[in-house]
>>> print(open('protein-v9.txt').read())   # compact mmCIF, C-alpha atoms and all ligand atoms
# COMPACT_ATOMS: atom_id res chain seq x y z
CA MET A 2 53.57 28.61 -9.60
CA ILE A 3 49.85 28.80 -10.27
CA ILE A 4 48.54 29.61 -13.72
CA SER A 5 44.96 30.68 -14.31
CA MET A 6 43.78 30.26 -17.87
CA LYS A 7 41.27 32.68 -19.38
CA PRO A 8 37.66 31.43 -19.18
CA ASP A 9 37.60 31.08 -22.99
CA ALA A 10 41.01 29.39 -23.31
CA THR A 11 40.97 26.55 -25.82
CA GLN A 12 42.17 23.01 -25.12
CA ASP A 13 45.08 23.60 -27.53
CA GLN A 14 46.15 26.64 -25.52
CA ILE A 15 45.94 24.67 -22.26
CA ASP A 16 47.95 21.80 -23.77
CA HIS A 17 50.52 24.25 -25.06
CA VAL A 18 50.99 25.81 -21.62
CA CYS A 19 51.35 22.37 -20.00
CA GLU A 20 53.91 21.40 -22.62
CA ARG A 21 55.94 24.57 -22.05
CA ILE A 22 55.92 23.98 -18.28
CA ARG A 23 57.18 20.43 -18.72
CA GLU A 24 59.93 21.70 -21.03
CA PHE A 25 61.17 23.73 -18.07
CA GLY A 26 61.39 20.51 -16.06
CA TYR A 27 58.28 21.00 -13.93
CA LYS A 28 55.39 18.72 -13.04
CA VAL A 29 51.87 19.86 -13.95
CA HIS A 30 48.57 19.43 -12.10
CA SER A 31 45.57 21.01 -13.72
CA ILE A 32 42.09 21.52 -12.42
CA GLN A 33 38.95 22.21 -14.36
CA GLY A 34 37.20 24.79 -12.20
CA GLU A 35 33.66 25.97 -12.76
CA GLU A 36 34.81 28.96 -14.81
CA ARG A 37 38.36 28.28 -15.83
CA VAL A 38 41.25 25.86 -15.82
CA VAL A 39 43.88 26.39 -13.15
CA ILE A 40 47.29 24.83 -13.57
CA GLY A 41 49.54 24.09 -10.61
CA VAL A 42 53.25 23.79 -11.28
CA ILE A 43 55.72 22.10 -8.97
CA GLY A 44 59.29 20.99 -9.06
CA VAL A 45 62.69 22.56 -9.35
CA GLY A 46 63.66 24.77 -12.27
CA ASP A 47 64.20 28.29 -13.50
CA VAL A 48 61.03 29.89 -12.13
CA THR A 49 61.64 33.34 -13.57
CA ALA A 50 62.25 32.09 -17.10
CA CYS A 51 59.25 29.78 -16.91
CA LEU A 52 56.99 32.54 -15.58
CA GLU A 53 58.07 34.90 -18.33
CA ALA A 54 57.41 32.32 -21.01
CA ILE A 55 54.01 31.34 -19.61
CA GLU A 56 52.72 34.85 -18.91
CA VAL A 57 52.75 35.67 -22.63
CA ALA A 58 51.37 32.34 -23.83
CA PRO A 59 47.97 32.60 -25.56
CA GLY A 60 45.01 31.88 -23.28
CA VAL A 61 46.85 32.66 -20.01
CA ALA A 62 45.09 35.09 -17.66
CA SER A 63 47.73 35.14 -14.94
CA ALA A 64 50.80 33.29 -13.72
CA VAL A 65 51.95 33.77 -10.15
CA ARG A 66 54.76 32.43 -8.06
CA ILE A 67 53.70 30.74 -4.82
CA SER A 68 56.11 31.03 -1.96
CA SER A 69 53.95 28.98 0.43
CA PRO A 70 55.18 25.43 1.12
CA PHE A 71 51.65 24.26 0.35
CA LYS A 72 50.86 24.01 -3.32
CA PHE A 73 47.79 22.00 -4.05
CA VAL A 74 45.57 21.88 -1.05
CA ILE A 75 45.57 25.67 -0.70
CA LYS A 76 42.59 27.75 -1.74
CA GLU A 77 44.52 29.70 -4.39
CA PHE A 78 44.93 26.54 -6.39
CA LYS A 79 41.55 24.91 -5.93
CA GLN A 80 39.56 28.17 -5.82
CA GLN A 81 36.46 26.44 -4.58
CA ARG A 82 35.96 24.18 -1.58
CA THR A 83 36.47 20.48 -2.16
CA GLN A 84 33.28 18.48 -1.81
CA ILE A 85 33.67 14.76 -1.63
CA PRO A 86 30.70 12.77 -2.86
CA ILE A 87 30.56 9.16 -1.72
CA ASN A 88 27.60 7.33 -3.26
CA GLY A 89 25.06 9.98 -2.43
CA VAL A 90 26.68 11.31 0.76
CA SER A 91 28.54 14.57 0.39
CA ILE A 92 31.36 15.63 2.69
CA GLY A 93 32.16 19.34 2.69
CA GLY A 94 28.74 20.58 1.61
CA ASP A 95 26.32 22.70 3.61
CA GLN A 96 25.23 19.85 5.91
CA PHE A 97 27.42 18.35 8.58
CA VAL A 98 28.17 14.64 8.35
CA VAL A 99 28.47 12.07 11.09
CA MET A 100 30.97 9.22 11.01
CA ALA A 101 30.22 6.94 13.90
CA GLY A 102 30.52 3.38 15.05
CA PRO A 103 32.63 1.37 17.44
CA CYS A 104 36.32 1.79 18.09
CA SER A 105 36.90 -1.77 16.81
CA VAL A 106 34.78 -4.30 15.01
CA GLU A 107 34.28 -7.10 17.53
CA SER A 108 31.60 -9.39 16.09
CA GLU A 109 28.78 -9.45 13.56
CA LYS A 110 26.21 -8.79 16.27
CA GLN A 111 28.18 -5.90 17.74
CA ILE A 112 28.79 -4.11 14.43
CA MET A 113 25.19 -4.66 13.31
CA GLU A 114 23.83 -3.19 16.55
CA ALA A 115 26.19 -0.23 16.37
CA ALA A 116 25.43 0.41 12.70
CA GLU A 117 21.68 0.18 13.25
CA PHE A 118 21.72 2.84 15.85
CA VAL A 119 24.13 5.11 13.96
CA ALA A 120 21.72 4.84 11.03
CA SER A 121 18.76 5.44 13.33
CA VAL A 122 20.18 8.79 14.42
CA GLY A 123 20.82 9.77 10.79
CA GLY A 124 24.51 8.86 10.50
CA LYS A 125 25.48 7.78 6.99
CA ILE A 126 29.09 6.78 7.52
CA LEU A 127 29.99 3.76 9.60
CA ARG A 128 33.36 3.65 11.29
CA GLY A 129 35.02 0.63 12.86
CA GLY A 130 38.60 -0.47 13.21
CA ALA A 131 39.66 -3.69 11.52
CA PHE A 132 43.39 -3.12 11.99
CA LYS A 133 43.93 -1.35 15.30
CA PRO A 134 46.95 0.77 16.18
CA ARG A 135 47.25 -0.06 19.89
CA THR A 136 49.80 1.42 22.22
CA SER A 137 50.44 -1.99 23.76
CA PRO A 138 51.25 -5.01 21.58
CA TYR A 139 49.22 -7.08 24.06
CA SER A 140 45.99 -5.16 23.46
CA PHE A 141 43.38 -6.33 20.96
CA GLN A 142 44.77 -5.68 17.46
CA GLY A 143 41.57 -5.96 15.40
CA LEU A 144 39.89 -8.76 13.46
CA GLY A 145 41.53 -7.86 10.13
CA GLU A 146 39.79 -9.01 6.96
CA ASP A 147 36.90 -10.60 8.86
CA ALA A 148 36.13 -7.16 10.28
CA LEU A 149 36.31 -5.58 6.82
CA LYS A 150 33.82 -8.12 5.49
CA LEU A 151 31.45 -7.47 8.38
CA LEU A 152 31.69 -3.69 7.93
CA LYS A 153 30.91 -3.95 4.23
CA GLU A 154 28.06 -6.40 4.72
CA VAL A 155 26.37 -4.37 7.43
CA ALA A 156 26.90 -1.05 5.64
CA THR A 157 25.41 -2.45 2.43
CA THR A 158 22.34 -3.68 4.30
CA LEU A 159 21.79 -0.28 5.89
CA ASP A 160 22.88 1.85 2.89
CA MET A 161 25.84 3.31 4.75
CA ARG A 162 29.43 4.09 3.71
CA VAL A 163 32.43 2.52 5.44
CA ILE A 164 35.47 4.26 6.87
CA THR A 165 38.28 2.22 8.37
CA GLU A 166 41.93 2.70 9.19
CA VAL A 167 44.88 1.63 7.06
CA LEU A 168 47.92 0.84 9.16
CA SER A 169 50.37 -0.04 6.42
CA SER A 170 50.81 0.05 2.66
CA GLU A 171 50.70 -3.76 2.63
CA ASP A 172 47.06 -3.76 3.74
CA LEU A 173 45.98 -1.15 1.20
CA PRO A 174 44.72 -3.45 -1.58
CA LEU A 175 42.64 -5.39 0.92
CA ILE A 176 41.15 -2.35 2.65
CA GLU A 177 40.49 -0.60 -0.64
CA LYS A 178 38.29 -3.53 -1.61
CA TYR A 179 35.94 -3.03 1.34
CA ALA A 180 36.14 0.61 2.45
CA ASP A 181 34.61 3.75 0.95
CA ILE A 182 36.97 6.04 2.88
CA LEU A 183 40.47 5.11 3.99
CA GLN A 184 41.55 6.49 7.33
CA VAL A 185 45.13 7.42 8.14
CA GLY A 186 45.47 7.50 11.91
CA THR A 187 47.31 9.97 14.08
CA ARG A 188 50.33 7.69 14.48
CA ASN A 189 50.74 7.40 10.72
CA MET A 190 50.40 11.04 9.71
CA PHE A 191 54.19 11.20 9.51
CA ASN A 192 54.47 7.89 7.64
CA TYR A 193 55.39 9.43 4.31
CA SER A 194 55.72 6.14 2.51
CA LEU A 195 52.12 5.26 3.48
CA LEU A 196 50.97 8.74 2.42
CA LYS A 197 52.64 8.24 -0.95
CA SER A 198 50.94 4.86 -1.40
CA ILE A 199 47.57 6.42 -0.53
CA GLY A 200 48.28 9.16 -3.06
CA LYS A 201 48.09 6.49 -5.75
CA ILE A 202 44.66 5.27 -4.66
CA ARG A 203 41.51 6.77 -6.13
CA LYS A 204 39.34 6.65 -3.02
CA PRO A 205 38.62 9.36 -0.44
CA VAL A 206 41.00 9.45 2.47
CA LEU A 207 40.50 10.89 5.94
CA LEU A 208 43.83 12.08 7.25
CA LYS A 209 44.07 12.51 10.99
CA ARG A 210 46.35 15.10 12.49
CA GLY A 211 49.41 13.60 14.16
CA PHE A 212 49.20 14.09 17.91
CA MET A 213 52.61 15.81 17.76
CA ALA A 214 52.05 17.62 14.47
CA THR A 215 51.83 21.33 13.88
CA ILE A 216 49.11 22.55 11.55
CA ASP A 217 51.71 23.18 8.83
CA GLU A 218 53.05 19.63 9.14
CA PHE A 219 49.48 18.37 8.93
CA ILE A 220 48.82 20.31 5.72
CA LEU A 221 52.10 19.07 4.25
CA ALA A 222 51.04 15.49 4.98
CA ALA A 223 47.90 16.21 2.93
CA GLU A 224 50.16 17.60 0.18
CA TYR A 225 51.91 14.22 0.04
CA ILE A 226 48.60 12.54 -0.77
CA TYR A 227 47.52 15.21 -3.23
CA ASN A 228 50.89 15.24 -4.94
CA GLY A 229 50.51 11.51 -5.54
CA GLY A 230 47.32 12.23 -7.46
CA ASN A 231 44.63 11.57 -4.87
CA GLU A 232 42.67 14.80 -4.45
CA GLN A 233 39.87 13.44 -2.28
CA ILE A 234 41.29 14.34 1.10
CA ILE A 235 39.36 15.00 4.30
CA LEU A 236 41.30 16.50 7.21
CA CYS A 237 40.54 15.35 10.73
CA GLU A 238 41.46 17.28 13.86
CA ARG A 239 41.64 14.74 16.70
CA GLY A 240 43.57 16.56 19.37
CA ILE A 241 47.24 16.96 20.09
CA ARG A 242 49.32 15.90 23.06
CA THR A 243 49.88 18.62 25.65
CA PHE A 244 50.57 18.70 29.38
CA GLU A 245 46.81 18.62 30.10
CA THR A 246 45.57 15.40 31.66
CA GLN A 247 41.83 16.04 32.04
CA THR A 248 41.29 15.08 28.42
CA ARG A 249 43.00 12.31 26.44
CA ASN A 250 44.38 14.93 24.03
CA THR A 251 43.85 18.66 23.68
CA LEU A 252 41.39 19.40 20.91
CA ASP A 253 42.79 22.29 18.90
CA ILE A 254 39.65 24.22 18.04
CA SER A 255 41.65 26.99 16.39
CA ALA A 256 42.99 24.47 13.87
CA ILE A 257 39.49 24.18 12.37
CA PRO A 258 39.12 27.72 10.95
CA ILE A 259 42.84 27.82 10.11
CA LEU A 260 42.58 24.61 8.06
CA LYS A 261 39.44 25.95 6.38
CA MET A 262 41.17 29.24 5.58
CA GLU A 263 44.41 27.77 4.35
CA THR A 264 43.12 24.76 2.45
CA SER A 265 40.17 23.89 0.28
CA LEU A 266 39.61 20.58 2.08
CA PRO A 267 36.73 19.49 4.33
CA VAL A 268 37.50 19.27 8.04
CA ILE A 269 36.08 16.67 10.42
CA VAL A 270 36.52 16.70 14.19
CA ASP A 271 36.95 13.47 16.14
CA ILE A 272 35.38 14.24 19.49
CA SER A 273 36.12 10.79 20.92
CA HIS A 274 39.88 10.40 20.55
CA SER A 275 40.44 14.06 21.32
CA LEU A 276 38.48 14.03 24.57
CA GLY A 277 38.67 10.44 25.78
CA ARG A 278 35.54 11.14 27.82
CA LYS A 279 31.86 11.55 27.09
CA ASP A 280 30.56 14.10 29.55
CA ILE A 281 31.68 17.13 27.53
CA VAL A 282 30.90 15.97 23.99
CA LEU A 283 27.88 18.27 23.58
CA PRO A 284 29.65 21.62 24.05
CA ILE A 285 32.75 20.42 22.22
CA ALA A 286 30.79 19.11 19.23
CA HIS A 287 28.86 22.38 19.21
CA ALA A 288 32.08 24.42 19.32
CA SER A 289 33.62 22.32 16.53
CA LEU A 290 30.72 22.88 14.15
CA ALA A 291 30.52 26.54 15.12
CA ALA A 292 34.21 26.85 14.26
CA GLY A 293 33.45 25.54 10.77
CA ALA A 294 33.89 21.77 10.93
CA ASP A 295 32.11 19.87 8.15
CA GLY A 296 31.30 16.96 10.36
CA LEU A 297 32.08 14.87 13.38
CA MET A 298 33.55 11.51 14.07
CA PHE A 299 32.66 9.73 17.28
CA GLU A 300 32.77 6.24 18.69
CA SER A 301 29.53 4.53 19.56
CA HIS A 302 28.79 1.12 20.96
CA PHE A 303 25.65 -0.73 21.98
CA ASN A 304 27.19 -1.45 25.36
CA PRO A 305 30.27 0.77 25.83
CA ALA A 306 31.22 -0.82 29.14
CA ALA A 307 31.74 -4.13 27.36
CA ALA A 308 33.74 -2.69 24.44
CA TRP A 309 37.09 -4.33 23.68
CA SER A 310 38.84 -0.98 23.22
CA ASP A 311 38.28 2.67 24.24
CA SER A 312 35.23 1.77 26.34
CA GLN A 313 35.41 5.02 28.35
CA GLN A 314 34.76 7.26 25.33
CA GLN A 315 32.20 5.38 23.25
CA LEU A 316 28.69 6.83 23.25
CA ASP A 317 25.69 4.57 23.74
CA LEU A 318 22.52 4.89 21.69
CA LYS A 319 20.88 7.47 23.94
CA GLU A 320 24.04 9.59 24.15
CA SER A 321 24.48 9.47 20.36
CA GLU A 322 20.87 10.41 19.83
CA ASP A 323 20.97 13.26 22.35
CA LEU A 324 24.09 14.62 20.67
CA ILE A 325 22.63 14.65 17.17
CA ARG A 326 19.22 16.00 18.24
CA TYR A 327 21.01 18.80 20.13
CA LEU A 328 23.28 19.72 17.18
CA GLU A 329 20.39 19.63 14.73
CA LYS A 330 18.87 22.60 16.53
CA TYR A 331 21.82 24.75 15.48
CA PHE A 332 23.31 23.21 12.34
CA LYS A 333 22.02 21.65 9.13
CA PHE A 334 22.24 17.86 9.23
C1 LIG B 401 40.57 5.55 15.46
O1 LIG B 401 39.87 6.46 14.95
O2 LIG B 401 40.21 4.38 15.54
C2 LIG B 401 41.90 5.90 16.01
C3 LIG B 401 42.75 4.97 16.43
O3 LIG B 401 42.12 7.23 16.07
P1 LIG B 401 43.49 8.06 16.20
O4 LIG B 401 44.35 7.65 15.06
O5 LIG B 401 43.01 9.48 16.11
O6 LIG B 401 44.07 7.74 17.54
MN MN B 402 39.27 4.19 19.50
>>> encode(input="protein-v9.txt", output="structure tokens", more="lines below")
Ligand code: PEP
Ligand code: MN
Amino acid sequence: MIISMKPDATQDQIDHVCERIREFGYKVHSIQGEERVVIGVIGVGDVTACLEAIEVAPGVASAVRISSPFKFVIKEFKQQRTQIPINGVSIGGDQFVVMAGPCSVESEKQIMEAAEFVASVGGKILRGGAFKPRTSPYSFQGLGEDALKLLKEVATTLDMRVITEVLSSEDLPLIEKYADILQVGTRNMFNYSLLKSIGKIRKPVLLKRGFMATIDEFILAAEYIYNGGNEQIILCERGIRTFETQTRNTLDISAIPILKMETSLPVIVDISHSLGRKDIVLPIAHASLAAGADGLMFESHFNPAAAWSDSQQQLDLKESEDLIRYLEKYFKF
């Protein structure tokens, strides 16, 4: 159920409506929009009786039943697009954002070099894995807290924001201390206990689409986070697994406008993990922004050939620069 209050509804009237909803056994989420308060109602109860009671309550403009499985991240509830401000950088506004940096943090020198050139091309958000989800247990697993410290230190020096992946709920307190945006990777999109833990955090989260997830499952994963109370969610399309072998995954371009139509959340496209190659990043980045993406994530390294992970897809300085300068001709950066 979604209840829109009248623009001139008083706080007492809003409180009264919330109280009535709770009496019917429901949970209440309210949002102060620009013009009016919108109240989202979830849970199990007698919907008809509740609707009837609420419709006639003073200050209520409308009360409608929502049959969609998505409750909070949908446009009907939020009414305006979610913009996520992170210390002066806005995600979901009219400019596209760039989140770039190496696949993994390897050393102070490596992260500093990568960050310097991301900053030099205008990127404001530094990525870098500290805890790496690797397919093989014998591959490099990340430098852990040392990497987090390096990310923070370098980002502070260059006035950048940090995004890094959270692999498990156990690491959350540590990562929360250092990161500005928490990343949930493709393998963890279905980890509902992690999503619930992230719902309790009050920091922006970038949720990647599971490589086997439908768009609906992806949106429901975002609902888990929102339902926990964390509304600062950024969706990230990073490709899904198909029978195609020319690219690492198949980037689902159609997911971008669908996510923008169905939800109020910003959408970022990861052109590195979706493609797994660099020679087609220009047209794919162009297509992603043209389809409505609010920004791009890509991996960049001072010397990709020497990278400890994903060396084949990391862009070097020149490739990063060429990409941004090309996109700037068509989109606001
Ligand atoms: C990453 O961004 O470092 C990463 C591992 O991505 P994904 O979860 O999309 O594979
Ligand atoms: Mn990687």
>>> atom_distance(input="protein-v9.txt", atom1="atom CA of Gly41 of chain A", atom2="atom CA of Ala62 of chain A")
13.8 Å
>>> residues_near_ligand(input="protein-v9.txt", ligand="ligand MN 402 (chain B)", cutoff="9 Å", atoms="all atoms listed in the file", output="list of chain:residue names")
A:Pro103, A:Cys104, A:Ser105, A:Gly129, A:Gly130, A:Lys133, A:Ser273, A:His274, A:Gly277, A:Phe299, A:Glu300, A:Ser310, A:Asp311, A:Ser312, A:Gln314, A:Gln315
>>> residues_near_ligand(input="protein-v9.txt", ligand="ligand LIG 401 (chain B)", cutoff="10 Å", atoms="all atoms listed in the file", output="PDB file with C-alpha atoms, in the coordinates of the input")
ATOM      1  CA  ALA A 101      30.220   6.940  13.900  1.00  0.00           C
ATOM      2  CA  GLY A 102      30.520   3.380  15.050  1.00  0.00           C
ATOM      3  CA  PRO A 103      32.630   1.370  17.440  1.00  0.00           C
ATOM      4  CA  CYS A 104      36.320   1.790  18.090  1.00  0.00           C
ATOM      5  CA  SER A 105      36.900  -1.770  16.810  1.00  0.00           C
ATOM      6  CA  ARG A 128      33.360   3.650  11.290  1.00  0.00           C
ATOM      7  CA  GLY A 129      35.020   0.630  12.860  1.00  0.00           C
ATOM      8  CA  GLY A 130      38.600  -0.470  13.210  1.00  0.00           C
ATOM      9  CA  ALA A 131      39.660  -3.690  11.520  1.00  0.00           C
ATOM     10  CA  PHE A 132      43.390  -3.120  11.990  1.00  0.00           C
ATOM     11  CA  LYS A 133      43.930  -1.350  15.300  1.00  0.00           C
ATOM     12  CA  PRO A 134      46.950   0.770  16.180  1.00  0.00           C
ATOM     13  CA  ARG A 135      47.250  -0.060  19.890  1.00  0.00           C
ATOM     14  CA  THR A 136      49.800   1.420  22.220  1.00  0.00           C
ATOM     15  CA  ILE A 164      35.470   4.260   6.870  1.00  0.00           C
ATOM     16  CA  THR A 165      38.280   2.220   8.370  1.00  0.00           C
ATOM     17  CA  GLU A 166      41.930   2.700   9.190  1.00  0.00           C
ATOM     18  CA  LEU A 168      47.920   0.840   9.160  1.00  0.00           C
ATOM     19  CA  GLN A 184      41.550   6.490   7.330  1.00  0.00           C
ATOM     20  CA  VAL A 185      45.130   7.420   8.140  1.00  0.00           C
ATOM     21  CA  GLY A 186      45.470   7.500  11.910  1.00  0.00           C
ATOM     22  CA  THR A 187      47.310   9.970  14.080  1.00  0.00           C
ATOM     23  CA  ARG A 188      50.330   7.690  14.480  1.00  0.00           C
ATOM     24  CA  ASN A 189      50.740   7.400  10.720  1.00  0.00           C
ATOM     25  CA  MET A 190      50.400  11.040   9.710  1.00  0.00           C
ATOM     26  CA  LEU A 208      43.830  12.080   7.250  1.00  0.00           C
ATOM     27  CA  LYS A 209      44.070  12.510  10.990  1.00  0.00           C
ATOM     28  CA  ARG A 210      46.350  15.100  12.490  1.00  0.00           C
ATOM     29  CA  GLY A 211      49.410  13.600  14.160  1.00  0.00           C
ATOM     30  CA  PHE A 212      49.200  14.090  17.910  1.00  0.00           C
ATOM     31  CA  CYS A 237      40.540  15.350  10.730  1.00  0.00           C
ATOM     32  CA  GLU A 238      41.460  17.280  13.860  1.00  0.00           C
ATOM     33  CA  ARG A 239      41.640  14.740  16.700  1.00  0.00           C
ATOM     34  CA  GLY A 240      43.570  16.560  19.370  1.00  0.00           C
ATOM     35  CA  ILE A 241      47.240  16.960  20.090  1.00  0.00           C
ATOM     36  CA  ASN A 250      44.380  14.930  24.030  1.00  0.00           C
ATOM     37  CA  VAL A 270      36.520  16.700  14.190  1.00  0.00           C
ATOM     38  CA  ASP A 271      36.950  13.470  16.140  1.00  0.00           C
ATOM     39  CA  ILE A 272      35.380  14.240  19.490  1.00  0.00           C
ATOM     40  CA  SER A 273      36.120  10.790  20.920  1.00  0.00           C
ATOM     41  CA  HIS A 274      39.880  10.400  20.550  1.00  0.00           C
ATOM     42  CA  SER A 275      40.440  14.060  21.320  1.00  0.00           C
ATOM     43  CA  MET A 298      33.550  11.510  14.070  1.00  0.00           C
ATOM     44  CA  PHE A 299      32.660   9.730  17.280  1.00  0.00           C
ATOM     45  CA  GLU A 300      32.770   6.240  18.690  1.00  0.00           C
ATOM     46  CA  SER A 310      38.840  -0.980  23.220  1.00  0.00           C
ATOM     47  CA  ASP A 311      38.280   2.670  24.240  1.00  0.00           C
TER      48      ASP A 311
END
>>> closest_residue(input="protein-v9.txt", among="A:His302, A:His287, A:Lys178, A:His17", to="Arg326 of chain A", atoms="all atoms listed in the file")
A:His287
>>> residues_around(input="protein-v9.txt", residues="Ala223 of chain A", least_positions_apart="4", cutoff="8 Å", atoms="all atoms listed in the file", output="ChimeraX atom specification")
/A:74,208,219,227,234,236
>>> atom_distance(input="protein-v9.txt", atom1="atom CA of Val268 of chain A", atom2="atom CA of Leu149 of chain A")
24.9 Å
>>> residues_around(input="protein-v9.txt", residues="Ile22 of chain A", least_positions_apart="6", cutoff="12 Å", atoms="all atoms listed in the file", output="number ranges by chain")
A: 2-4, 15-16, 28-31, 40-56, 58, 64
>>> write_last_selection(input="protein-v9.txt", atoms="C-alpha atoms", output="short mmCIF file (atom, residue, chain, number, x, y, z; two decimals), keeping the file's coordinate frame")
data_model
loop_
_atom_site.label_atom_id
_atom_site.label_comp_id
_atom_site.auth_asym_id
_atom_site.auth_seq_id
_atom_site.Cartn_x
_atom_site.Cartn_y
_atom_site.Cartn_z
CA MET A 2 53.57 28.61 -9.60
CA ILE A 3 49.85 28.80 -10.27
CA ILE A 4 48.54 29.61 -13.72
CA ILE A 15 45.94 24.67 -22.26
CA ASP A 16 47.95 21.80 -23.77
CA LYS A 28 55.39 18.72 -13.04
CA VAL A 29 51.87 19.86 -13.95
CA HIS A 30 48.57 19.43 -12.10
CA SER A 31 45.57 21.01 -13.72
CA ILE A 40 47.29 24.83 -13.57
CA GLY A 41 49.54 24.09 -10.61
CA VAL A 42 53.25 23.79 -11.28
CA ILE A 43 55.72 22.10 -8.97
CA GLY A 44 59.29 20.99 -9.06
CA VAL A 45 62.69 22.56 -9.35
CA GLY A 46 63.66 24.77 -12.27
CA ASP A 47 64.20 28.29 -13.50
CA VAL A 48 61.03 29.89 -12.13
CA THR A 49 61.64 33.34 -13.57
CA ALA A 50 62.25 32.09 -17.10
CA CYS A 51 59.25 29.78 -16.91
CA LEU A 52 56.99 32.54 -15.58
CA GLU A 53 58.07 34.90 -18.33
CA ALA A 54 57.41 32.32 -21.01
CA ILE A 55 54.01 31.34 -19.61
CA GLU A 56 52.72 34.85 -18.91
CA ALA A 58 51.37 32.34 -23.83
CA ALA A 64 50.80 33.29 -13.72
#
>>> atom_distance(input="protein-v9.txt", atom1="atom CA of Ala308 of chain A", atom2="atom CA of Leu173 of chain A")
26.3 Å
>>> axis_aligned_box(input="protein-v9.txt", around="segment 198-216 of chain A", padding_each_side="4 Å", output="AutoDock Vina command-line options")
--center_x 45.6 --center_y 13.7 --center_z 5.9 --size_x 22.0 --size_y 25.7 --size_z 32.0
>>> closest_residue(input="protein-v9.txt", among="A:Glu24, A:Gly143, A:Thr83, A:Asp95", to="Ser265 of chain A", atoms="only C-alpha atoms")
A:Thr83
>>> residues_around(input="protein-v9.txt", residues="Phe303 of chain A", least_positions_apart="5", cutoff="12 Å", atoms="only C-alpha atoms", output="short mmCIF file (atom, residue, chain, number, x, y, z; two decimals) with C-alpha atoms, in the coordinates of the input")
data_model
loop_
_atom_site.label_atom_id
_atom_site.label_comp_id
_atom_site.auth_asym_id
_atom_site.auth_seq_id
_atom_site.Cartn_x
_atom_site.Cartn_y
_atom_site.Cartn_z
CA GLY A 102 30.52 3.38 15.05
CA PRO A 103 32.63 1.37 17.44
CA CYS A 104 36.32 1.79 18.09
CA GLU A 107 34.28 -7.10 17.53
CA LYS A 110 26.21 -8.79 16.27
CA GLN A 111 28.18 -5.90 17.74
CA ILE A 112 28.79 -4.11 14.43
CA MET A 113 25.19 -4.66 13.31
CA GLU A 114 23.83 -3.19 16.55
CA ALA A 115 26.19 -0.23 16.37
CA ALA A 116 25.43 0.41 12.70
CA GLU A 117 21.68 0.18 13.25
CA PHE A 118 21.72 2.84 15.85
CA VAL A 119 24.13 5.11 13.96
CA ALA A 308 33.74 -2.69 24.44
CA SER A 312 35.23 1.77 26.34
CA GLN A 315 32.20 5.38 23.25
CA LEU A 316 28.69 6.83 23.25
CA ASP A 317 25.69 4.57 23.74
CA LEU A 318 22.52 4.89 21.69
CA LYS A 319 20.88 7.47 23.94
CA GLU A 320 24.04 9.59 24.15
CA SER A 321 24.48 9.47 20.36
#
>>> closest_residue(input="protein-v9.txt", among="A:Ser5, A:Ser289, A:Thr158, A:Thr264", to="Ala120 of chain A", atoms="all atoms listed in the file")
A:Thr158
>>> closest_residue(input="protein-v9.txt", among="A:Gly60, A:Val90, A:Glu263, A:Trp309", to="Asp181 of chain A", atoms="only C-alpha atoms")
A:Val90
>>> residues_around(input="protein-v9.txt", residues="Lys153 of chain A", least_positions_apart="6", cutoff="8 Å", atoms="all atoms listed in the file", output="PyMOL selection string")
chain A and resi 163+179-180
>>> closest_residue(input="protein-v9.txt", among="A:Asp172, A:Glu146, A:Asp13, A:Glu329", to="Leu195 of chain A", atoms="only C-alpha atoms")
A:Asp172
